[in-house]
Amino acid sequence: MPLLKRTSHIVPGLVLCSAVALAAYLGERAEMNLFGGKWIESLVLAIALGIAVCTIRPLPDSFRPGINFSAKILLEIAIVLLGASISLAAIRGAGVALIAGIAVVVVLSIGASYTIGRLLGLPPKLATLIACGNSICGNSAIVAVAPVIEAGSEEIAAALAFTAVLGVAAVFLLPTFYFDAGMSIPQYGVLAGLSVYAVPQVLAATAPVGVLAVQTGTLVKLVRVLMLGPVIFLLGILVKAETGGEDARTGYHHSLVPWFIVGFLATMALRSFGLIPEQVIAPMAAVSTVLTVIAMAALGLSVNIRSVAHAGGRVICAATLSLIVLGTISYGLIAVLQIP
């Protein structure tokens, strides 16, 4: 009973976030039924629906504790579970040169994207979110990096919304580029794996070219996703070093690296060493996805749509230029490695 009393205040907001997440899932399912594919993922739909609810009718204060719990605690748990879906064994067949090249592309892309965002007047945290989302794995990277740098709800929503738009655009444009540029199938697979945000989008972009392109693109993409662990680890160290390990808003002293980063790396290591049973990995990934969508609904319910709209032009410009830079760097790697 004491536990119920202590947690009852989060119930209204948690229920609301769950309801918005369910509506997002139903919207994604409707897309599948109508169009045979999901053009807008439930994660982005949850944010959009949350913003719509918050805009149409301001929420009572009684919902705020549950919304904050969903946006922070549930998201951090989801990040820990996400580590179980990444295995270091995925890179064994890629070769040292390609692995090193992918790491260099990620580092250069993050630096270039962040610089572009700052030159366009974006706040440092928003520029960081766009840089990491663009350079690593789109929505997943943004979601994982956001709590590390303590980004605001509006910054997260803006980064996710415009990155999602570009991710869909890349799926349509890349196959056209392949046919016009005269690239080989392996070259195109590497380019798609390096420049497309999500694994399903890589599959969609490479499928028109053939099975070899799909296999190559997926492998490169998985190696690129593995860069998420080191990036959030380093960001955690940098942020805590700048703040002295103290939250400027509360004055509370944190450990050097947030717990969920350690948890993410730990579950990734357990998966890599075969200590997580294979039959458990899919359910863990499913729970991670559900918690993430609920957390995104909470973020949407915390967003002032006017602030997102105000940043829209600069954000889409920064994201677009960053994607072009990423594509250019990736094309350069293909030339340097002389991929046939």
# chains A, B, ... in the order shown; residues from 1 in each chain; ligands from 1
$ residues_around --residues "Gly13 in chain A" --least-positions-apart "6" --cutoff "9 Å" --atoms "only C-alpha atoms" --output "MDAnalysis selection string"
chainID A and resid 62:70 298
$ residues_around --residues "range 276-287 of chain A" --least-positions-apart "5" --cutoff "7 Å" --atoms "only C-alpha atoms" --output "list of chain:residue names"
A:Leu81, A:Leu82, A:Ala84, A:Ser85, A:Leu270, A:Arg271
$ closest_atom_pairs --of "range 25-108 of chain A" --to "range 313-327 of chain A" --cutoff "10 Å" --atoms "only C-alpha atoms" --output "JSON lines"
{"residue": "A:Val105", "atom": "CA", "partner": "A:Leu326", "partner_atom": "CA", "distance": 7.6}
{"residue": "A:Val106", "atom": "CA", "partner": "A:Leu326", "partner_atom": "CA", "distance": 8.4}
{"residue": "A:Leu108", "atom": "CA", "partner": "A:Leu326", "partner_atom": "CA", "distance": 8.4}
$ residues_around --residues "range 224-232 of chain A" --least-positions-apart "3" --cutoff "8 Å" --atoms "only C-alpha atoms" --output "JSON, numbers by chain"
{"A": [86, 88, 102, 103, 106, 136, 137, 141, 144, 145, 148, 193, 194, 220, 221, 235, 236, 261, 264, 265]}
$ closest_residue --among "A:Ile10, A:Leu212, A:Leu120, A:Leu45" --to "Leu22 in chain A" --atoms "only C-alpha atoms"
A:Leu45
$ residues_around --residues "Leu59 in chain A" --least-positions-apart "6" --cutoff "10 Å" --atoms "only C-alpha atoms" --output "number ranges by chain"
A: 13, 53, 301-302
$ write_last_selection --atoms "N, CA, C and O atoms" --output "mmCIF file, in the first residue's frame"
data_model
loop_
_atom_site.group_PDB
_atom_site.id
_atom_site.type_symbol
_atom_site.label_atom_id
_atom_site.label_comp_id
_atom_site.auth_asym_id
_atom_site.auth_seq_id
_atom_site.Cartn_x
_atom_site.Cartn_y
_atom_site.Cartn_z
ATOM 1 N N GLY A 13 -0.890 10.684 -15.758
ATOM 2 C CA GLY A 13 -0.018 11.007 -16.885
ATOM 3 C C GLY A 13 0.465 9.783 -17.616
ATOM 4 O O GLY A 13 0.576 9.769 -18.850
ATOM 5 N N VAL A 53 -2.595 16.838 -28.877
ATOM 6 C CA VAL A 53 -3.401 16.812 -27.651
ATOM 7 C C VAL A 53 -3.073 18.009 -26.766
ATOM 8 O O VAL A 53 -3.965 18.699 -26.256
ATOM 9 N N LEU A 301 3.553 15.486 -25.444
ATOM 10 C CA LEU A 301 2.628 16.117 -24.509
ATOM 11 C C LEU A 301 3.284 17.242 -23.711
ATOM 12 O O LEU A 301 2.605 17.949 -22.964
ATOM 13 N N SER A 302 4.595 17.398 -23.872
ATOM 14 C CA SER A 302 5.337 18.452 -23.166
ATOM 15 C C SER A 302 5.774 19.580 -24.095
ATOM 16 O O SER A 302 6.477 20.493 -23.649
#
$ closest_residue --among "A:Val262, A:Ala269, A:Val190, A:Val15" --to "Leu98 in chain A" --atoms "only C-alpha atoms"
A:Val190
$ residues_around --residues "Gly152 in chain A" --least-positions-apart "5" --cutoff "9 Å" --atoms "only C-alpha atoms" --output "list in words"
Lys125, Leu126, Ala146, Pro147, Ala157, Leu299 and Val303 of chain A
$ atom_distance --atom1 "CA of Ala170 in chain A" --atom2 "CA of Ser330 in chain A"
14.2 Å
$ select_by_dssp --residues "range 86-182 of chain A" --states "alpha helix (DSSP H)" --output "MDAnalysis selection string"
chainID A and resid 96:119 124:132 139:149 153:181
$ atom_distance --atom1 "CA of Thr328 in chain A" --atom2 "CA of Ala112 in chain A"
11.5 Å
$ residues_around --residues "Leu337 in chain A" --least-positions-apart "5" --cutoff "10 Å" --atoms "only C-alpha atoms" --output "PyMOL selection string"
chain A and resi 97-98+101+332
$ residues_around --residues "Ile156 in chain A" --least-positions-apart "5" --cutoff "12 Å" --atoms "only C-alpha atoms" --output "MDAnalysis selection string"
chainID A and resid 44 47 71 123 125:130 132:133 138:147 149:151 161:163 295:300 302:304 307:308 311 315
$ write_last_selection --atoms "N, CA and C atoms" --output "short mmCIF file (atom, residue, chain, number, x, y, z; two decimals), in the first residue's frame"
data_model
loop_
_atom_site.label_atom_id
_atom_site.label_comp_id
_atom_site.auth_asym_id
_atom_site.auth_seq_id
_atom_site.Cartn_x
_atom_site.Cartn_y
_atom_site.Cartn_z
N VAL A 44 7.33 8.58 -34.29
CA VAL A 44 7.08 9.96 -34.73
C VAL A 44 5.60 10.30 -34.60
N ILE A 47 4.77 11.39 -31.07
CA ILE A 47 5.13 12.78 -30.79
C ILE A 47 4.10 13.73 -31.39
N ALA A 71 8.69 10.30 -19.83
CA ALA A 71 9.71 10.89 -20.70
C ALA A 71 11.12 10.61 -20.22
N PRO A 123 20.54 25.99 -31.14
CA PRO A 123 21.14 25.82 -29.81
C PRO A 123 22.07 24.61 -29.79
N LYS A 125 22.40 21.99 -27.88
CA LYS A 125 21.80 20.67 -27.66
C LYS A 125 21.03 20.19 -28.88
N LEU A 126 20.30 21.09 -29.52
CA LEU A 126 19.56 20.71 -30.73
C LEU A 126 20.53 20.35 -31.85
N ALA A 127 21.61 21.13 -31.98
CA ALA A 127 22.62 20.82 -32.99
C ALA A 127 23.26 19.46 -32.74
N THR A 128 23.47 19.12 -31.46
CA THR A 128 24.04 17.82 -31.10
C THR A 128 23.10 16.68 -31.46
N LEU A 129 21.81 16.87 -31.17
CA LEU A 129 20.82 15.84 -31.49
C LEU A 129 20.77 15.57 -32.99
N ILE A 130 20.73 16.62 -33.78
CA ILE A 130 20.68 16.46 -35.24
C ILE A 130 21.97 15.80 -35.74
N CYS A 132 24.03 13.74 -34.13
CA CYS A 132 24.10 12.32 -33.77
C CYS A 132 23.05 11.51 -34.51
N GLY A 133 21.84 12.06 -34.66
CA GLY A 133 20.81 11.35 -35.41
C GLY A 133 21.20 11.16 -36.85
N GLY A 138 19.60 7.88 -36.79
CA GLY A 138 18.35 8.61 -36.79
C GLY A 138 17.67 8.67 -35.45
N ASN A 139 16.39 8.23 -35.41
CA ASN A 139 15.57 8.36 -34.21
C ASN A 139 16.20 7.70 -32.99
N SER A 140 16.74 6.51 -33.15
CA SER A 140 17.32 5.79 -32.01
C SER A 140 18.47 6.57 -31.38
N ALA A 141 19.31 7.16 -32.20
CA ALA A 141 20.43 7.94 -31.69
C ALA A 141 19.94 9.20 -30.98
N ILE A 142 18.96 9.87 -31.56
CA ILE A 142 18.42 11.08 -30.94
C ILE A 142 17.83 10.75 -29.57
N VAL A 143 17.05 9.67 -29.53
CA VAL A 143 16.41 9.25 -28.28
C VAL A 143 17.45 8.87 -27.23
N ALA A 144 18.52 8.20 -27.65
CA ALA A 144 19.55 7.76 -26.71
C ALA A 144 20.42 8.91 -26.22
N VAL A 145 20.71 9.86 -27.10
CA VAL A 145 21.60 10.97 -26.75
C VAL A 145 20.88 12.03 -25.91
N ALA A 146 19.57 12.21 -26.14
CA ALA A 146 18.83 13.30 -25.51
C ALA A 146 18.98 13.36 -23.99
N PRO A 147 18.76 12.25 -23.27
CA PRO A 147 18.91 12.35 -21.81
C PRO A 147 20.34 12.55 -21.35
N ILE A 149 22.60 14.55 -22.76
CA ILE A 149 22.91 15.97 -22.83
C ILE A 149 21.82 16.82 -22.19
N GLU A 150 20.79 16.16 -21.62
CA GLU A 150 19.68 16.82 -20.94
C GLU A 150 18.96 17.79 -21.88
N ALA A 151 18.65 17.30 -23.07
CA ALA A 151 17.94 18.10 -24.06
C ALA A 151 16.48 18.28 -23.65
N ALA A 161 11.30 15.03 -35.67
CA ALA A 161 10.33 15.29 -36.75
C ALA A 161 11.02 15.50 -38.08
N PHE A 162 12.03 16.36 -38.10
CA PHE A 162 12.65 16.69 -39.38
C PHE A 162 13.61 15.60 -39.85
N THR A 163 14.23 14.88 -38.91
CA THR A 163 15.06 13.75 -39.29
C THR A 163 14.21 12.65 -39.92
N ALA A 295 7.43 6.99 -24.21
CA ALA A 295 8.26 8.14 -23.85
C ALA A 295 8.14 9.26 -24.88
N MET A 296 8.05 8.89 -26.15
CA MET A 296 7.89 9.90 -27.19
C MET A 296 6.53 10.58 -27.11
N ALA A 297 5.50 9.82 -26.72
CA ALA A 297 4.19 10.42 -26.49
C ALA A 297 4.29 11.45 -25.37
N ALA A 298 5.05 11.11 -24.33
CA ALA A 298 5.24 12.05 -23.21
C ALA A 298 5.97 13.31 -23.67
N LEU A 299 6.96 13.14 -24.52
CA LEU A 299 7.66 14.31 -25.04
C LEU A 299 6.72 15.20 -25.84
N GLY A 300 5.89 14.59 -26.67
CA GLY A 300 4.92 15.35 -27.44
C GLY A 300 3.96 16.11 -26.55
N SER A 302 4.60 17.40 -23.87
CA SER A 302 5.34 18.45 -23.17
C SER A 302 5.77 19.58 -24.09
N VAL A 303 5.38 19.51 -25.36
CA VAL A 303 5.94 20.41 -26.36
C VAL A 303 5.02 21.60 -26.65
N ASN A 304 5.64 22.75 -26.73
CA ASN A 304 4.96 23.96 -27.20
C ASN A 304 5.14 24.02 -28.71
N SER A 307 7.16 26.83 -30.47
CA SER A 307 8.63 26.80 -30.43
C SER A 307 9.19 25.89 -31.51
N VAL A 308 8.54 24.74 -31.73
CA VAL A 308 8.99 23.81 -32.76
C VAL A 308 8.84 24.45 -34.14
N ALA A 311 11.53 27.01 -34.92
CA ALA A 311 12.85 26.45 -35.24
C ALA A 311 12.85 25.66 -36.54
N VAL A 315 16.08 24.09 -38.61
CA VAL A 315 16.31 22.67 -38.33
C VAL A 315 16.33 21.86 -39.63
#
$ closest_residue --among "A:Ala169, A:Leu234, A:Ile51, A:Leu174" --to "Glu154 in chain A" --atoms "only C-alpha atoms"
A:Ile51
$ decode --residues "range 129-145 of chain A" --atoms "all heavy atoms" --output "PDB file, in the first residue's frame"
ATOM      1  N   LEU A 129      21.808  16.873 -31.169  1.00  0.00           N
ATOM      2  CA  LEU A 129      20.819  15.841 -31.490  1.00  0.00           C
ATOM      3  C   LEU A 129      20.772  15.570 -32.992  1.00  0.00           C
ATOM      4  O   LEU A 129      20.751  14.415 -33.430  1.00  0.00           O
ATOM      5  CB  LEU A 129      19.433  16.265 -30.993  1.00  0.00           C
ATOM      6  CG  LEU A 129      19.222  16.313 -29.481  1.00  0.00           C
ATOM      7  CD1 LEU A 129      17.804  16.793 -29.160  1.00  0.00           C
ATOM      8  CD2 LEU A 129      19.466  14.950 -28.855  1.00  0.00           C
ATOM      9  N   ILE A 130      20.727  16.624 -33.783  1.00  0.00           N
ATOM     10  CA  ILE A 130      20.685  16.464 -35.238  1.00  0.00           C
ATOM     11  C   ILE A 130      21.966  15.800 -35.737  1.00  0.00           C
ATOM     12  O   ILE A 130      21.928  14.916 -36.597  1.00  0.00           O
ATOM     13  CB  ILE A 130      20.470  17.821 -35.923  1.00  0.00           C
ATOM     14  CG1 ILE A 130      19.062  18.336 -35.618  1.00  0.00           C
ATOM     15  CG2 ILE A 130      20.676  17.718 -37.433  1.00  0.00           C
ATOM     16  CD1 ILE A 130      18.791  19.712 -36.143  1.00  0.00           C
ATOM     17  N   ALA A 131      23.103  16.203 -35.182  1.00  0.00           N
ATOM     18  CA  ALA A 131      24.386  15.638 -35.611  1.00  0.00           C
ATOM     19  C   ALA A 131      24.454  14.144 -35.325  1.00  0.00           C
ATOM     20  O   ALA A 131      24.861  13.355 -36.182  1.00  0.00           O
ATOM     21  CB  ALA A 131      25.531  16.368 -34.913  1.00  0.00           C
ATOM     22  N   CYS A 132      24.033  13.741 -34.133  1.00  0.00           N
ATOM     23  CA  CYS A 132      24.097  12.321 -33.766  1.00  0.00           C
ATOM     24  C   CYS A 132      23.046  11.514 -34.515  1.00  0.00           C
ATOM     25  O   CYS A 132      23.317  10.395 -34.965  1.00  0.00           O
ATOM     26  CB  CYS A 132      23.913  12.166 -32.259  1.00  0.00           C
ATOM     27  SG  CYS A 132      25.293  12.816 -31.298  1.00  0.00           S
ATOM     28  N   GLY A 133      21.837  12.060 -34.660  1.00  0.00           N
ATOM     29  CA  GLY A 133      20.807  11.354 -35.411  1.00  0.00           C
ATOM     30  C   GLY A 133      21.197  11.163 -36.853  1.00  0.00           C
ATOM     31  O   GLY A 133      21.038  10.080 -37.429  1.00  0.00           O
ATOM     32  N   ASN A 134      21.742  12.203 -37.455  1.00  0.00           N
ATOM     33  CA  ASN A 134      22.161  12.156 -38.852  1.00  0.00           C
ATOM     34  C   ASN A 134      23.327  11.192 -39.061  1.00  0.00           C
ATOM     35  O   ASN A 134      23.371  10.465 -40.046  1.00  0.00           O
ATOM     36  CB  ASN A 134      22.567  13.564 -39.299  1.00  0.00           C
ATOM     37  CG  ASN A 134      23.174  13.600 -40.680  1.00  0.00           C
ATOM     38  OD1 ASN A 134      22.479  13.506 -41.670  1.00  0.00           O
ATOM     39  ND2 ASN A 134      24.485  13.747 -40.764  1.00  0.00           N
ATOM     40  N   SER A 135      24.246  11.155 -38.116  1.00  0.00           N
ATOM     41  CA  SER A 135      25.502  10.428 -38.318  1.00  0.00           C
ATOM     42  C   SER A 135      25.441   8.967 -37.906  1.00  0.00           C
ATOM     43  O   SER A 135      26.247   8.163 -38.385  1.00  0.00           O
ATOM     44  CB  SER A 135      26.632  11.116 -37.538  1.00  0.00           C
ATOM     45  OG  SER A 135      26.720  12.482 -37.892  1.00  0.00           O
ATOM     46  N   ILE A 136      24.497   8.603 -37.020  1.00  0.00           N
ATOM     47  CA  ILE A 136      24.503   7.231 -36.497  1.00  0.00           C
ATOM     48  C   ILE A 136      23.267   6.451 -36.932  1.00  0.00           C
ATOM     49  O   ILE A 136      23.337   5.615 -37.821  1.00  0.00           O
ATOM     50  CB  ILE A 136      24.640   7.223 -34.962  1.00  0.00           C
ATOM     51  CG1 ILE A 136      25.883   8.003 -34.534  1.00  0.00           C
ATOM     52  CG2 ILE A 136      24.736   5.798 -34.441  1.00  0.00           C
ATOM     53  CD1 ILE A 136      26.032   8.199 -33.048  1.00  0.00           C
ATOM     54  N   CYS A 137      22.139   6.719 -36.308  1.00  0.00           N
ATOM     55  CA  CYS A 137      20.973   5.887 -36.629  1.00  0.00           C
ATOM     56  C   CYS A 137      19.654   6.621 -36.409  1.00  0.00           C
ATOM     57  O   CYS A 137      18.716   6.053 -35.838  1.00  0.00           O
ATOM     58  CB  CYS A 137      20.995   4.570 -35.841  1.00  0.00           C
ATOM     59  SG  CYS A 137      21.228   4.777 -34.058  1.00  0.00           S
ATOM     60  N   GLY A 138      19.603   7.876 -36.788  1.00  0.00           N
ATOM     61  CA  GLY A 138      18.354   8.610 -36.791  1.00  0.00           C
ATOM     62  C   GLY A 138      17.667   8.672 -35.446  1.00  0.00           C
ATOM     63  O   GLY A 138      18.255   9.075 -34.434  1.00  0.00           O
ATOM     64  N   ASN A 139      16.394   8.233 -35.410  1.00  0.00           N
ATOM     65  CA  ASN A 139      15.570   8.363 -34.211  1.00  0.00           C
ATOM     66  C   ASN A 139      16.199   7.704 -32.987  1.00  0.00           C
ATOM     67  O   ASN A 139      16.180   8.266 -31.891  1.00  0.00           O
ATOM     68  CB  ASN A 139      14.193   7.737 -34.450  1.00  0.00           C
ATOM     69  CG  ASN A 139      13.386   8.511 -35.482  1.00  0.00           C
ATOM     70  OD1 ASN A 139      13.654   9.681 -35.728  1.00  0.00           O
ATOM     71  ND2 ASN A 139      12.420   7.858 -36.079  1.00  0.00           N
ATOM     72  N   SER A 140      16.743   6.507 -33.147  1.00  0.00           N
ATOM     73  CA  SER A 140      17.319   5.785 -32.009  1.00  0.00           C
ATOM     74  C   SER A 140      18.469   6.569 -31.377  1.00  0.00           C
ATOM     75  O   SER A 140      18.588   6.632 -30.147  1.00  0.00           O
ATOM     76  CB  SER A 140      17.818   4.402 -32.442  1.00  0.00           C
ATOM     77  OG  SER A 140      16.749   3.613 -32.909  1.00  0.00           O
ATOM     78  N   ALA A 141      19.307   7.161 -32.205  1.00  0.00           N
ATOM     79  CA  ALA A 141      20.432   7.944 -31.686  1.00  0.00           C
ATOM     80  C   ALA A 141      19.945   9.197 -30.975  1.00  0.00           C
ATOM     81  O   ALA A 141      20.457   9.562 -29.913  1.00  0.00           O
ATOM     82  CB  ALA A 141      21.385   8.316 -32.829  1.00  0.00           C
ATOM     83  N   ILE A 142      18.962   9.867 -31.562  1.00  0.00           N
ATOM     84  CA  ILE A 142      18.420  11.079 -30.937  1.00  0.00           C
ATOM     85  C   ILE A 142      17.832  10.747 -29.573  1.00  0.00           C
ATOM     86  O   ILE A 142      18.071  11.434 -28.577  1.00  0.00           O
ATOM     87  CB  ILE A 142      17.360  11.725 -31.845  1.00  0.00           C
ATOM     88  CG1 ILE A 142      18.022  12.279 -33.114  1.00  0.00           C
ATOM     89  CG2 ILE A 142      16.614  12.847 -31.113  1.00  0.00           C
ATOM     90  CD1 ILE A 142      17.039  12.742 -34.168  1.00  0.00           C
ATOM     91  N   VAL A 143      17.052   9.671 -29.532  1.00  0.00           N
ATOM     92  CA  VAL A 143      16.412   9.253 -28.282  1.00  0.00           C
ATOM     93  C   VAL A 143      17.455   8.871 -27.233  1.00  0.00           C
ATOM     94  O   VAL A 143      17.305   9.174 -26.046  1.00  0.00           O
ATOM     95  CB  VAL A 143      15.464   8.069 -28.550  1.00  0.00           C
ATOM     96  CG1 VAL A 143      15.025   7.421 -27.253  1.00  0.00           C
ATOM     97  CG2 VAL A 143      14.241   8.539 -29.331  1.00  0.00           C
ATOM     98  N   ALA A 144      18.519   8.199 -27.653  1.00  0.00           N
ATOM     99  CA  ALA A 144      19.552   7.757 -26.711  1.00  0.00           C
ATOM    100  C   ALA A 144      20.422   8.908 -26.216  1.00  0.00           C
ATOM    101  O   ALA A 144      20.823   8.941 -25.052  1.00  0.00           O
ATOM    102  CB  ALA A 144      20.430   6.690 -27.360  1.00  0.00           C
ATOM    103  N   VAL A 145      20.707   9.857 -27.096  1.00  0.00           N
ATOM    104  CA  VAL A 145      21.596  10.969 -26.749  1.00  0.00           C
ATOM    105  C   VAL A 145      20.876  12.031 -25.911  1.00  0.00           C
ATOM    106  O   VAL A 145      21.487  12.669 -25.049  1.00  0.00           O
ATOM    107  CB  VAL A 145      22.181  11.603 -28.033  1.00  0.00           C
ATOM    108  CG1 VAL A 145      22.849  12.943 -27.742  1.00  0.00           C
ATOM    109  CG2 VAL A 145      23.172  10.644 -28.683  1.00  0.00           C
TER     110      VAL A 145
END
